[in-house]
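Asks: Structure file query.pdb (PDB, C-alpha atoms and all ligand atoms) is given on the next line.
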```pdb
MODEL        1
ATOM      1  CA  MET A   1      12.138  63.527-107.900
ATOM      2  CA  ARG A   2      15.094  62.664-110.110
ATOM      3  CA  PRO A   3      14.914  59.664-112.440
ATOM      4  CA  SER A   4      17.684  57.992-110.426
ATOM      5  CA  ASP A   5      15.394  58.100-107.365
ATOM      6  CA  LEU A   6      13.009  55.871-109.294
ATOM      7  CA  LEU A   7      15.535  53.430-110.786
ATOM      8  CA  HIS A   8      19.284  53.049-110.387
ATOM      9  CA  SER A   9      21.878  50.344-110.709
ATOM     10  CA  ARG A  10      23.064  48.260-107.809
ATOM     11  CA  PRO A  11      25.375  45.237-107.863
ATOM     12  CA  GLU A  12      22.270  43.002-107.946
ATOM     13  CA  GLY A  13      20.825  44.848-110.958
ATOM     14  CA  LEU A  14      18.482  47.748-111.711
ATOM     15  CA  TYR A  15      16.700  48.712-108.471
ATOM     16  CA  CYS A  16      13.523  50.703-107.787
ATOM     17  CA  PRO A  17      13.602  52.015-104.166
ATOM     18  CA  PRO A  18       9.966  53.281-103.931
ATOM     19  CA  GLY A  19       8.707  49.938-105.298
ATOM     20  CA  ASP A  20      11.391  47.809-103.618
ATOM     21  CA  PHE A  21      12.052  45.580-106.625
ATOM     22  CA  TYR A  22      14.753  44.806-109.152
ATOM     23  CA  ILE A  23      14.479  44.431-112.919
ATOM     24  CA  ASP A  24      16.358  41.400-114.358
ATOM     25  CA  PRO A  25      18.639  41.074-111.319
ATOM     26  CA  VAL A  26      21.811  39.036-111.724
ATOM     27  CA  ARG A  27      21.843  37.946-108.058
ATOM     28  CA  PRO A  28      19.028  36.456-105.980
ATOM     29  CA  VAL A  29      16.725  39.177-104.573
ATOM     30  CA  ASP A  30      13.425  39.407-102.709
ATOM     31  CA  ARG A  31      11.352  40.720-105.634
ATOM     32  CA  ALA A  32      12.367  40.474-109.283
ATOM     33  CA  LEU A  33      10.579  41.745-112.388
ATOM     34  CA  ILE A  34      11.833  39.827-115.439
ATOM     35  CA  THR A  35      11.741  41.139-119.013
ATOM     36  CA  HIS A  36      12.315  37.816-120.824
ATOM     37  CA  GLY A  37      13.531  34.252-120.550
ATOM     38  CA  HIS A  38      17.146  34.511-121.763
ATOM     39  CA  SER A  39      19.402  33.126-119.061
ATOM     40  CA  ASP A  40      21.288  36.332-118.253
ATOM     41  CA  HIS A  41      17.992  38.151-117.576
ATOM     42  CA  ALA A  42      15.943  35.336-116.050
ATOM     43  CA  ARG A  43      17.983  33.761-113.270
ATOM     44  CA  PRO A  44      16.622  31.310-110.736
ATOM     45  CA  GLY A  45      16.634  31.830-106.962
ATOM     46  CA  HIS A  46      14.534  34.958-106.387
ATOM     47  CA  THR A  47      11.926  34.959-103.606
ATOM     48  CA  LYS A  48       9.190  36.514-105.768
ATOM     49  CA  VAL A  49       9.075  36.874-109.548
ATOM     50  CA  LEU A  50       6.718  38.990-111.634
ATOM     51  CA  ALA A  51       6.814  38.340-115.414
ATOM     52  CA  THR A  52       4.566  37.481-118.351
ATOM     53  CA  ARG A  53       2.969  34.021-118.275
ATOM     54  CA  GLU A  54       5.230  32.926-121.166
ATOM     55  CA  THR A  55       8.398  34.109-119.438
ATOM     56  CA  LEU A  56       7.394  32.259-116.258
ATOM     57  CA  ASP A  57       6.725  29.095-118.284
ATOM     58  CA  ILE A  58      10.082  29.423-120.057
ATOM     59  CA  MET A  59      11.872  29.888-116.707
ATOM     60  CA  ALA A  60      10.196  26.734-115.419
ATOM     61  CA  ILE A  61      11.279  24.818-118.549
ATOM     62  CA  ARG A  62      14.870  26.025-118.322
ATOM     63  CA  CYS A  63      15.472  26.247-114.555
ATOM     64  CA  GLY A  64      12.957  23.740-113.192
ATOM     65  CA  PRO A  65       9.583  24.295-111.509
ATOM     66  CA  ASP A  66      11.217  25.671-108.337
ATOM     67  CA  PHE A  67      12.937  28.549-110.143
ATOM     68  CA  ALA A  68      11.467  31.040-107.619
ATOM     69  CA  GLY A  69       9.801  31.047-104.193
ATOM     70  CA  ALA A  70       6.623  32.460-105.728
ATOM     71  CA  SER A  71       5.660  33.763-109.130
ATOM     72  CA  GLN A  72       2.933  35.994-110.487
ATOM     73  CA  ALA A  73       1.941  36.307-114.142
ATOM     74  CA  MET A  74       1.624  39.834-115.467
ATOM     75  CA  PRO A  75      -0.729  40.330-118.442
ATOM     76  CA  LEU A  76       0.576  42.787-121.049
ATOM     77  CA  GLY A  77      -0.869  46.284-120.720
ATOM     78  CA  GLU A  78      -2.275  45.820-117.204
ATOM     79  CA  LYS A  79      -1.178  48.037-114.351
ATOM     80  CA  ILE A  80      -0.094  46.884-110.941
ATOM     81  CA  ARG A  81       0.836  48.865-107.877
ATOM     82  CA  LEU A  82       4.094  47.922-106.149
ATOM     83  CA  GLY A  83       4.870  50.100-103.122
ATOM     84  CA  ASP A  84       4.612  53.676-104.380
ATOM     85  CA  VAL A  85       4.960  52.933-108.078
ATOM     86  CA  THR A  86       2.766  51.755-110.932
ATOM     87  CA  VAL A  87       4.221  49.037-113.121
ATOM     88  CA  SER A  88       3.062  47.697-116.493
ATOM     89  CA  PHE A  89       4.489  45.289-119.087
ATOM     90  CA  HIS A  90       4.484  45.945-122.859
ATOM     91  CA  PRO A  91       5.491  43.797-125.858
ATOM     92  CA  ALA A  92       9.187  43.914-126.808
ATOM     93  CA  GLY A  93       9.270  41.698-129.940
ATOM     94  CA  HIS A  94      12.435  39.881-128.846
ATOM     95  CA  VAL A  95      11.443  36.308-127.887
ATOM     96  CA  LEU A  96       8.127  34.695-126.886
ATOM     97  CA  GLY A  97       6.819  36.509-123.799
ATOM     98  CA  SER A  98       9.413  39.288-123.895
ATOM     99  CA  ALA A  99       8.296  42.570-122.374
ATOM    100  CA  GLN A 100       9.386  46.116-121.716
ATOM    101  CA  ILE A 101       8.698  47.205-118.150
ATOM    102  CA  SER A 102       7.218  50.632-117.480
ATOM    103  CA  VAL A 103       7.772  52.118-114.016
ATOM    104  CA  GLU A 104       5.744  55.218-113.071
ATOM    105  CA  ARG A 105       5.609  57.513-110.085
ATOM    106  CA  ASN A 106       4.267  61.068-109.681
ATOM    107  CA  GLY A 107       3.950  61.606-113.410
ATOM    108  CA  MET A 108       7.446  60.346-114.247
ATOM    109  CA  ARG A 109       7.765  57.234-116.373
ATOM    110  CA  ILE A 110      10.860  55.154-117.057
ATOM    111  CA  VAL A 111      10.704  52.274-119.533
ATOM    112  CA  ALA A 112      13.228  49.445-119.173
ATOM    113  CA  SER A 113      13.024  47.775-122.556
ATOM    114  CA  GLY A 114      15.184  44.717-121.862
ATOM    115  CA  ASP A 115      16.105  43.363-125.308
ATOM    116  CA  TYR A 116      13.874  44.403-128.166
ATOM    117  CA  LYS A 117      13.307  44.093-131.880
ATOM    118  CA  ARG A 118      11.167  46.238-134.170
ATOM    119  CA  ALA A 119      10.863  44.563-137.543
ATOM    120  CA  CYS A 120       8.063  42.007-138.087
ATOM    121  CA  ALA A 121       7.337  41.228-134.420
ATOM    122  CA  ALA A 122       5.077  43.093-132.040
ATOM    123  CA  PHE A 123       6.757  45.976-130.288
ATOM    124  CA  GLU A 124       4.878  48.743-128.550
ATOM    125  CA  VAL A 125       6.354  52.222-128.399
ATOM    126  CA  VAL A 126       5.710  53.385-124.829
ATOM    127  CA  PRO A 127       6.080  57.162-124.466
ATOM    128  CA  CYS A 128       8.317  57.904-121.493
ATOM    129  CA  ASP A 129      10.612  60.401-119.793
ATOM    130  CA  VAL A 130      13.559  58.034-119.568
ATOM    131  CA  PHE A 131      14.086  55.136-121.988
ATOM    132  CA  ILE A 132      16.488  52.368-121.014
ATOM    133  CA  THR A 133      17.813  50.721-124.147
ATOM    134  CA  GLU A 134      20.013  47.775-124.950
ATOM    135  CA  ALA A 135      23.022  48.362-127.207
ATOM    136  CA  THR A 136      23.924  44.874-128.456
ATOM    137  CA  PHE A 137      24.194  46.045-132.085
ATOM    138  CA  ALA A 138      24.622  49.771-131.456
ATOM    139  CA  LEU A 139      27.033  50.669-134.235
ATOM    140  CA  PRO A 140      26.012  52.062-137.638
ATOM    141  CA  VAL A 141      27.667  49.043-139.316
ATOM    142  CA  PHE A 142      24.919  46.811-137.884
ATOM    143  CA  ARG A 143      22.083  46.839-140.369
ATOM    144  CA  HIS A 144      20.090  43.619-140.278
ATOM    145  CA  PRO A 145      18.983  42.664-143.792
ATOM    146  CA  ASP A 146      15.561  41.205-144.537
ATOM    147  CA  ALA A 147      15.478  37.879-142.662
ATOM    148  CA  SER A 148      13.514  36.156-145.432
ATOM    149  CA  ASP A 149      16.341  36.944-147.891
ATOM    150  CA  GLU A 150      18.795  35.313-145.482
ATOM    151  CA  ILE A 151      16.588  32.213-145.231
ATOM    152  CA  GLY A 152      16.480  32.229-149.036
ATOM    153  CA  LYS A 153      20.282  31.777-149.017
ATOM    154  CA  LEU A 154      19.889  28.695-146.852
ATOM    155  CA  LEU A 155      17.225  27.202-149.115
ATOM    156  CA  ARG A 156      19.328  27.893-152.221
ATOM    157  CA  SER A 157      22.258  26.141-150.577
ATOM    158  CA  THR A 158      20.181  23.021-149.869
ATOM    159  CA  ARG A 159      19.274  22.904-153.567
ATOM    160  CA  GLN A 160      22.864  23.542-154.650
ATOM    161  CA  PHE A 161      24.306  20.894-152.297
ATOM    162  CA  PRO A 162      21.564  18.248-152.022
ATOM    163  CA  GLU A 163      24.077  15.671-150.758
ATOM    164  CA  ARG A 164      25.133  17.741-147.740
ATOM    165  CA  ALA A 165      23.378  18.046-144.375
ATOM    166  CA  HIS A 166      22.788  21.720-143.525
ATOM    167  CA  LEU A 167      23.500  22.406-139.861
ATOM    168  CA  VAL A 168      22.048  25.747-138.768
ATOM    169  CA  GLY A 169      23.419  27.141-135.505
ATOM    170  CA  ALA A 170      20.791  29.043-133.526
ATOM    171  CA  TYR A 171      20.247  29.845-129.860
ATOM    172  CA  ALA A 172      17.780  27.512-128.195
ATOM    173  CA  LEU A 173      15.322  30.195-127.081
ATOM    174  CA  GLY A 174      13.912  32.481-129.728
ATOM    175  CA  LYS A 175      16.382  32.280-132.585
ATOM    176  CA  ALA A 176      15.865  28.595-133.336
ATOM    177  CA  GLN A 177      12.088  29.034-133.467
ATOM    178  CA  ARG A 178      12.422  32.204-135.559
ATOM    179  CA  VAL A 179      14.593  30.362-138.102
ATOM    180  CA  ILE A 180      12.137  27.454-138.302
ATOM    181  CA  ARG A 181       9.154  29.783-138.654
ATOM    182  CA  LEU A 182      10.938  31.746-141.427
ATOM    183  CA  LEU A 183      11.571  28.474-143.291
ATOM    184  CA  ARG A 184       7.873  27.585-143.044
ATOM    185  CA  ASP A 185       6.920  31.087-144.248
ATOM    186  CA  GLN A 186       8.944  30.391-147.400
ATOM    187  CA  GLY A 187       6.929  27.229-148.013
ATOM    188  CA  TYR A 188       9.545  24.748-146.764
ATOM    189  CA  ASP A 189       7.361  21.842-145.603
ATOM    190  CA  LYS A 190       9.846  18.982-145.175
ATOM    191  CA  PRO A 191      10.623  17.794-141.663
ATOM    192  CA  ILE A 192      13.120  20.040-139.863
ATOM    193  CA  TYR A 193      15.469  18.154-137.556
ATOM    194  CA  ILE A 194      16.233  19.678-134.164
ATOM    195  CA  HIS A 195      18.878  19.006-131.544
ATOM    196  CA  GLY A 196      17.565  17.734-128.199
ATOM    197  CA  ALA A 197      18.456  21.069-126.558
ATOM    198  CA  LEU A 198      15.682  22.705-128.594
ATOM    199  CA  THR A 199      12.925  20.165-128.040
ATOM    200  CA  ARG A 200      11.093  21.478-124.986
ATOM    201  CA  LEU A 201      11.267  25.135-125.957
ATOM    202  CA  SER A 202      10.118  24.409-129.509
ATOM    203  CA  GLU A 203       7.226  22.325-128.157
ATOM    204  CA  TYR A 204       6.340  25.222-125.885
ATOM    205  CA  TYR A 205       6.312  27.665-128.829
ATOM    206  CA  GLN A 206       4.013  25.252-130.689
ATOM    207  CA  SER A 207       1.704  25.029-127.665
ATOM    208  CA  GLN A 208       1.464  28.845-127.692
ATOM    209  CA  GLY A 209       0.261  28.885-131.285
ATOM    210  CA  VAL A 210       3.573  29.322-133.122
ATOM    211  CA  ASP A 211       3.269  26.691-135.864
ATOM    212  CA  LEU A 212       6.716  25.214-136.507
ATOM    213  CA  GLY A 213       5.514  22.331-138.673
ATOM    214  CA  ASP A 214       6.990  18.840-138.603
ATOM    215  CA  LEU A 215       9.958  18.753-136.186
ATOM    216  CA  GLN A 216      11.980  15.550-135.843
ATOM    217  CA  PRO A 217      14.799  14.628-133.482
ATOM    218  CA  ALA A 218      18.202  15.010-135.141
ATOM    219  CA  THR A 219      19.613  11.651-134.191
ATOM    220  CA  VAL A 220      21.665   9.804-136.786
ATOM    221  CA  GLU A 221      22.140   6.094-136.862
ATOM    222  CA  ASP A 222      24.505   4.650-139.461
ATOM    223  CA  ALA A 223      21.565   3.072-141.231
ATOM    224  CA  ASP A 224      19.746   6.298-141.949
ATOM    225  CA  LYS A 225      22.658   8.656-142.524
ATOM    226  CA  ALA A 226      21.576   9.131-146.147
ATOM    227  CA  ASP A 227      18.192  10.487-144.979
ATOM    228  CA  PHE A 228      19.985  13.624-143.821
ATOM    229  CA  ALA A 229      21.376  14.497-147.263
ATOM    230  CA  GLY A 230      20.023  17.955-148.067
ATOM    231  CA  ALA A 231      18.174  18.076-144.738
ATOM    232  CA  ILE A 232      18.064  21.112-142.450
ATOM    233  CA  ILE A 233      19.143  20.507-138.871
ATOM    234  CA  VAL A 234      18.808  23.280-136.284
ATOM    235  CA  ALA A 235      21.067  23.101-133.224
ATOM    236  CA  PRO A 236      22.985  25.313-130.802
ATOM    237  CA  SER A 237      26.247  26.107-132.614
ATOM    238  CA  SER A 238      28.173  24.931-129.542
ATOM    239  CA  THR A 239      27.253  21.379-130.609
ATOM    240  CA  PHE A 240      28.957  21.630-134.025
ATOM    241  CA  ALA A 241      32.267  20.396-132.650
ATOM    242  CA  ASP A 242      30.608  17.360-131.062
ATOM    243  CA  ARG A 243      30.803  13.860-132.390
ATOM    244  CA  TRP A 244      27.048  14.165-132.963
ATOM    245  CA  ALA A 245      27.534  16.749-135.721
ATOM    246  CA  ARG A 246      30.206  14.751-137.547
ATOM    247  CA  ARG A 247      27.821  11.872-138.139
ATOM    248  CA  PHE A 248      25.784  13.843-140.691
ATOM    249  CA  PRO A 249      26.713  13.538-144.372
ATOM    250  CA  ASP A 250      29.346  16.189-145.261
ATOM    251  CA  PRO A 251      27.825  18.767-142.857
ATOM    252  CA  LEU A 252      27.666  22.381-144.008
ATOM    253  CA  ALA A 253      27.804  24.822-141.066
ATOM    254  CA  ALA A 254      25.445  27.810-141.114
ATOM    255  CA  PHE A 255      24.877  30.203-138.209
ATOM    256  CA  ALA A 256      21.937  32.561-137.683
ATOM    257  CA  SER A 257      23.057  35.630-135.736
ATOM    258  CA  GLY A 258      23.268  39.396-135.976
ATOM    259  CA  TRP A 259      27.016  38.958-135.486
ATOM    260  CA  MET A 260      27.260  37.355-138.909
ATOM    261  CA  ARG A 261      27.366  40.904-140.315
ATOM    262  CA  ILE A 262      31.038  40.752-139.232
ATOM    263  CA  ARG A 263      32.768  38.486-141.771
ATOM    264  CA  GLN A 264      35.689  37.898-139.450
ATOM    265  CA  ARG A 265      33.381  36.407-136.843
ATOM    266  CA  ALA A 266      31.898  33.973-139.304
ATOM    267  CA  LYS A 267      35.328  32.950-140.516
ATOM    268  CA  GLN A 268      36.759  32.436-137.035
ATOM    269  CA  GLY A 269      33.771  30.330-136.081
ATOM    270  CA  GLY A 270      34.221  28.084-139.113
ATOM    271  CA  VAL A 271      30.818  29.161-140.442
ATOM    272  CA  GLU A 272      30.471  28.342-144.118
ATOM    273  CA  LEU A 273      27.078  29.988-144.550
ATOM    274  CA  PRO A 274      26.562  33.070-142.339
ATOM    275  CA  LEU A 275      22.906  34.122-141.958
ATOM    276  CA  ILE A 276      22.325  37.606-140.572
ATOM    277  CA  ILE A 277      19.188  36.962-138.533
ATOM    278  CA  SER A 278      18.830  38.734-135.218
ATOM    279  CA  ASP A 279      16.339  39.013-132.357
ATOM    280  CA  HIS A 280      17.753  42.432-131.496
ATOM    281  CA  SER A 281      17.357  45.912-132.941
ATOM    282  CA  ASP A 282      19.966  47.103-135.385
ATOM    283  CA  TRP A 283      21.353  50.663-135.384
ATOM    284  CA  ALA A 284      18.442  52.094-137.388
ATOM    285  CA  GLU A 285      15.834  50.447-135.136
ATOM    286  CA  LEU A 286      17.584  51.577-131.949
ATOM    287  CA  THR A 287      17.820  55.211-133.017
ATOM    288  CA  ALA A 288      14.287  55.306-134.477
ATOM    289  CA  THR A 289      12.873  53.798-131.273
ATOM    290  CA  ILE A 290      14.630  56.336-129.064
ATOM    291  CA  ILE A 291      13.095  59.181-131.075
ATOM    292  CA  GLU A 292       9.619  57.605-131.111
ATOM    293  CA  THR A 293       9.484  57.203-127.319
ATOM    294  CA  GLY A 294       9.947  60.959-126.989
ATOM    295  CA  ALA A 295      12.260  60.330-124.033
ATOM    296  CA  GLY A 296      14.269  63.362-122.935
ATOM    297  CA  GLU A 297      16.847  61.075-121.401
ATOM    298  CA  VAL A 298      18.278  57.701-122.429
ATOM    299  CA  TRP A 299      20.187  55.184-120.374
ATOM    300  CA  VAL A 300      22.195  52.710-122.420
ATOM    301  CA  THR A 301      23.102  49.231-121.278
ATOM    302  CA  HIS A 302      24.627  45.891-122.272
ATOM    303  CA  GLY A 303      26.540  46.364-125.472
ATOM    304  CA  ARG A 304      28.178  49.253-127.282
ATOM    305  CA  GLU A 305      27.086  52.052-124.979
ATOM    306  CA  GLU A 306      29.480  54.781-126.199
ATOM    307  CA  ALA A 307      28.280  55.049-129.807
ATOM    308  CA  LEU A 308      24.616  55.280-128.836
ATOM    309  CA  VAL A 309      25.299  57.769-126.019
ATOM    310  CA  ARG A 310      27.206  59.920-128.511
ATOM    311  CA  TRP A 311      24.381  59.672-131.074
ATOM    312  CA  CYS A 312      21.854  60.801-128.421
ATOM    313  CA  GLU A 313      24.028  63.780-127.468
ATOM    314  CA  LEU A 314      24.386  64.824-131.105
ATOM    315  CA  ASN A 315      20.589  64.689-131.367
ATOM    316  CA  GLY A 316      19.994  66.781-128.251
ATOM    317  CA  ILE A 317      18.937  63.894-125.991
ATOM    318  CA  ALA A 318      20.612  63.525-122.601
ATOM    319  CA  ALA A 319      22.205  60.084-122.362
ATOM    320  CA  ARG A 320      24.504  58.036-120.193
ATOM    321  CA  PRO A 321      25.703  54.467-119.971
ATOM    322  CA  LEU A 322      24.113  52.393-117.227
ATOM    323  CA  HIS A 323      26.905  50.316-115.911
ATOM    324  CA  LEU A 324      25.146  47.027-115.319
ATOM    325  CA  VAL A 325      27.283  43.938-115.177
ATOM    326  CA  GLY A 326      26.414  40.354-115.936
ATOM    327  CA  TYR A 327      24.549  40.626-119.237
ATOM    328  CA  GLU A 328      25.910  38.712-122.188
ATOM    329  CA  ASP A 329      22.790  38.097-124.143
ATOM    330  CA  GLU A 330      22.570  34.504-125.246
ATOM    331  CA  GLY A 331      20.175  35.208-128.073
ATOM    332  CA  ASP A 332      21.766  37.604-130.512
TER     333      ASP A 332
HETATM  334 ZN    ZN B   1      17.616  38.440-124.778
ENDMDL
END
```
Represent the structure from my file as structure tokens, please.
Replies:
Amino acid sequence: MRPSDLLHSRPEGLYCPPGDFYIDPVRPVDRALITHGHSDHARPGHTKVLATRETLDIMAIRCGPDFAGASQAMPLGEKIRLGDVTVSFHPAGHVLGSAQISVERNGMRIVASGDYKRACAAFEVVPCDVFITEATFALPVFRHPDASDEIGKLLRSTRQFPERAHLVGAYALGKAQRVIRLLRDQGYDKPIYIHGALTRLSEYYQSQGVDLGDLQPATVEDADKADFAGAIIVAPSSTFADRWARRFPDPLAAFASGWMRIRQRAKQGGVELPLIISDHSDWAELTATIIETGAGEVWVTHGREEALVRWCELNGIAARPLHLVGYEDEGD
């Protein structure tokens, strides 16, 4: 059996013929296995969905309770038989509930890692024959600094500009909660104001034991505008151009993203305070993970495939890009 007999790309997504399922399909299918709740991976409209309990809950929050015909929660580390293959889910460290999916048949194992992050969060190295890796930040220039140092920059700025509201752009699922948690880890115990787009997901994180402290709605009335001087407000950066954002006192725009490593990107986006905080692996984490899995073959997807394929070849590992379309990760 060749690896491509076990998994290969189709227009709908990554397909497993002997198990008759897709992983993170971009079009509605009969059976979908979902790695995590970001919208390009977790789309509504499948007949059956298998995912972690958290991912299913997040899909219900974001897409409504009827996001799939039927759903089944998959506990991490447990094995399930689908057709002729054995499937198991393993922690990926990307967002709450994120998982790598291991697909095994006749002694061959392929691991589809979805999006993953090594530092600080749980990630399990799953030994495999073929490792499918993301490539969002797959260039040597991407080296994510220590996230607590980045949060330190934000806290210093609030002390330096106590009259200005600090607006921190962060994706609604994962990044926003990571930023808030990092602030709490540094002892910041004032209320943190959040945009309405973050409310339900942040409440869900809290319900799952991620303590985010005192969160307040970021709604400004003229009367209490002064209350937001020096305050930290977390919101999707897409809202910064809205009237809503202009009501805060002299707002200072920060943005938490791995892309903030690229100065030009920060500048173009009008970001005054770039914070390099990512939910994805940087170059060092990607290459270290590939080696640790012991995979003899690597398939590279969504991102900068060429550089990582080349690195694998130089290190004696067979590699090729997996040409999957439709993934523009919302949570970088
Ligand atoms: Zn993602």
Asks: Would you translate the PyMOL selection byres (((chain A and resi 245) around 10) and not hetatm) into the concrete set of residues it matches in this file, as a PDB file with C-alpha atoms, in the frame of the given file?
Replies:
```pdb
ATOM      1  CA  ALA A 165      23.378  18.046-144.375  1.00  0.00           C
ATOM      2  CA  LEU A 167      23.500  22.406-139.861  1.00  0.00           C
ATOM      3  CA  HIS A 195      18.878  19.006-131.544  1.00  0.00           C
ATOM      4  CA  ALA A 218      18.202  15.010-135.141  1.00  0.00           C
ATOM      5  CA  THR A 219      19.613  11.651-134.191  1.00  0.00           C
ATOM      6  CA  VAL A 220      21.665   9.804-136.786  1.00  0.00           C
ATOM      7  CA  ILE A 233      19.143  20.507-138.871  1.00  0.00           C
ATOM      8  CA  ALA A 235      21.067  23.101-133.224  1.00  0.00           C
ATOM      9  CA  SER A 237      26.247  26.107-132.614  1.00  0.00           C
ATOM     10  CA  THR A 239      27.253  21.379-130.609  1.00  0.00           C
ATOM     11  CA  PHE A 240      28.957  21.630-134.025  1.00  0.00           C
ATOM     12  CA  ALA A 241      32.267  20.396-132.650  1.00  0.00           C
ATOM     13  CA  ASP A 242      30.608  17.360-131.062  1.00  0.00           C
ATOM     14  CA  ARG A 243      30.803  13.860-132.390  1.00  0.00           C
ATOM     15  CA  TRP A 244      27.048  14.165-132.963  1.00  0.00           C
ATOM     16  CA  ARG A 246      30.206  14.751-137.547  1.00  0.00           C
ATOM     17  CA  ARG A 247      27.821  11.872-138.139  1.00  0.00           C
ATOM     18  CA  PHE A 248      25.784  13.843-140.691  1.00  0.00           C
ATOM     19  CA  PRO A 249      26.713  13.538-144.372  1.00  0.00           C
ATOM     20  CA  ASP A 250      29.346  16.189-145.261  1.00  0.00           C
ATOM     21  CA  PRO A 251      27.825  18.767-142.857  1.00  0.00           C
ATOM     22  CA  ALA A 253      27.804  24.822-141.066  1.00  0.00           C
TER      23      ALA A 253
END
```
Asks: Smallest atom-to-atom distance to Arg159 of chain A: which of A:Phe255, A:His8, A:Ile232, A:His38, using all atoms listed in the file?
Replies: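 Result for the nearest residue to Arg159 of chain A: A:Ile232.
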Asks: Could you name the residues that touch segment 65-67 of chain A at 7 Å or less, counting all atoms listed in the file, but leaving out those on the same chain fewer than 4 positions away, as a PyMOL selection string?
Replies: chain A and resi 44-45+59-60
Asks: Quick one: apply the PyMOL selection byres (((chain A and resi 259) around 10) and not hetatm) to the file and drop the selected residues here as a list in words.
Replies: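 Written out, the selection comes to Thr136, Phe137, Phe142, His144, Phe255, Ala256, Ser257, Gly258, Met260, Arg261, Ile262, Arg263, Gln264, Arg265, Ala266, Pro274, Leu275, Ile276, Ile277, Ser278 and Asp332 of chain A.
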Asks: I need the residue set behind the PyMOL selection byres (((chain A and resi 282) around 9) and not hetatm) for this file; please write it as a ChimeraX atom specification.
Replies: /A:117-118,135-144,258,278,280-281,283-287
Asks: Is it possible to add all heavy atoms to segment 265-269 of chain A and hand it back as an mmCIF file, in the coordinates of the input?
Replies:
```
data_model
loop_
_atom_site.group_PDB
_atom_site.id
_atom_site.type_symbol
_atom_site.label_atom_id
_atom_site.label_comp_id
_atom_site.auth_asym_id
_atom_site.auth_seq_id
_atom_site.Cartn_x
_atom_site.Cartn_y
_atom_site.Cartn_z
ATOM 1 N N ARG A 265 33.990 37.270 -137.852
ATOM 2 C CA ARG A 265 33.381 36.407 -136.843
ATOM 3 C C ARG A 265 32.906 35.095 -137.434
ATOM 4 O O ARG A 265 33.025 34.036 -136.819
ATOM 5 C CB ARG A 265 32.217 37.122 -136.176
ATOM 6 C CG ARG A 265 32.697 37.559 -134.808
ATOM 7 C CD ARG A 265 31.743 38.251 -134.011
ATOM 8 N NE ARG A 265 31.178 37.507 -132.914
ATOM 9 C CZ ARG A 265 30.993 38.053 -131.733
ATOM 10 N NH1 ARG A 265 31.390 39.278 -131.507
ATOM 11 N NH2 ARG A 265 30.415 37.368 -130.780
ATOM 12 N N ALA A 266 32.370 35.174 -138.628
ATOM 13 C CA ALA A 266 31.898 33.973 -139.304
ATOM 14 C C ALA A 266 33.093 33.070 -139.614
ATOM 15 O O ALA A 266 33.062 31.861 -139.371
ATOM 16 C CB ALA A 266 31.159 34.347 -140.579
ATOM 17 N N LYS A 267 34.138 33.702 -140.123
ATOM 18 C CA LYS A 267 35.328 32.950 -140.516
ATOM 19 C C LYS A 267 35.950 32.243 -139.323
ATOM 20 O O LYS A 267 36.220 31.043 -139.366
ATOM 21 C CB LYS A 267 36.354 33.928 -141.114
ATOM 22 C CG LYS A 267 36.848 33.496 -142.480
ATOM 23 C CD LYS A 267 37.907 34.458 -142.986
ATOM 24 C CE LYS A 267 37.660 34.796 -144.445
ATOM 25 N NZ LYS A 267 38.443 35.944 -144.899
ATOM 26 N N GLN A 268 36.142 33.010 -138.235
ATOM 27 C CA GLN A 268 36.759 32.436 -137.035
ATOM 28 C C GLN A 268 35.942 31.275 -136.497
ATOM 29 O O GLN A 268 36.478 30.311 -135.986
ATOM 30 C CB GLN A 268 36.900 33.502 -135.943
ATOM 31 C CG GLN A 268 38.102 34.400 -136.131
ATOM 32 C CD GLN A 268 38.050 35.642 -135.251
ATOM 33 O OE1 GLN A 268 37.068 35.859 -134.533
ATOM 34 N NE2 GLN A 268 39.095 36.443 -135.305
ATOM 35 N N GLY A 269 34.634 31.380 -136.608
ATOM 36 C CA GLY A 269 33.771 30.330 -136.081
ATOM 37 C C GLY A 269 33.621 29.151 -137.031
ATOM 38 O O GLY A 269 32.855 28.231 -136.747
#
```
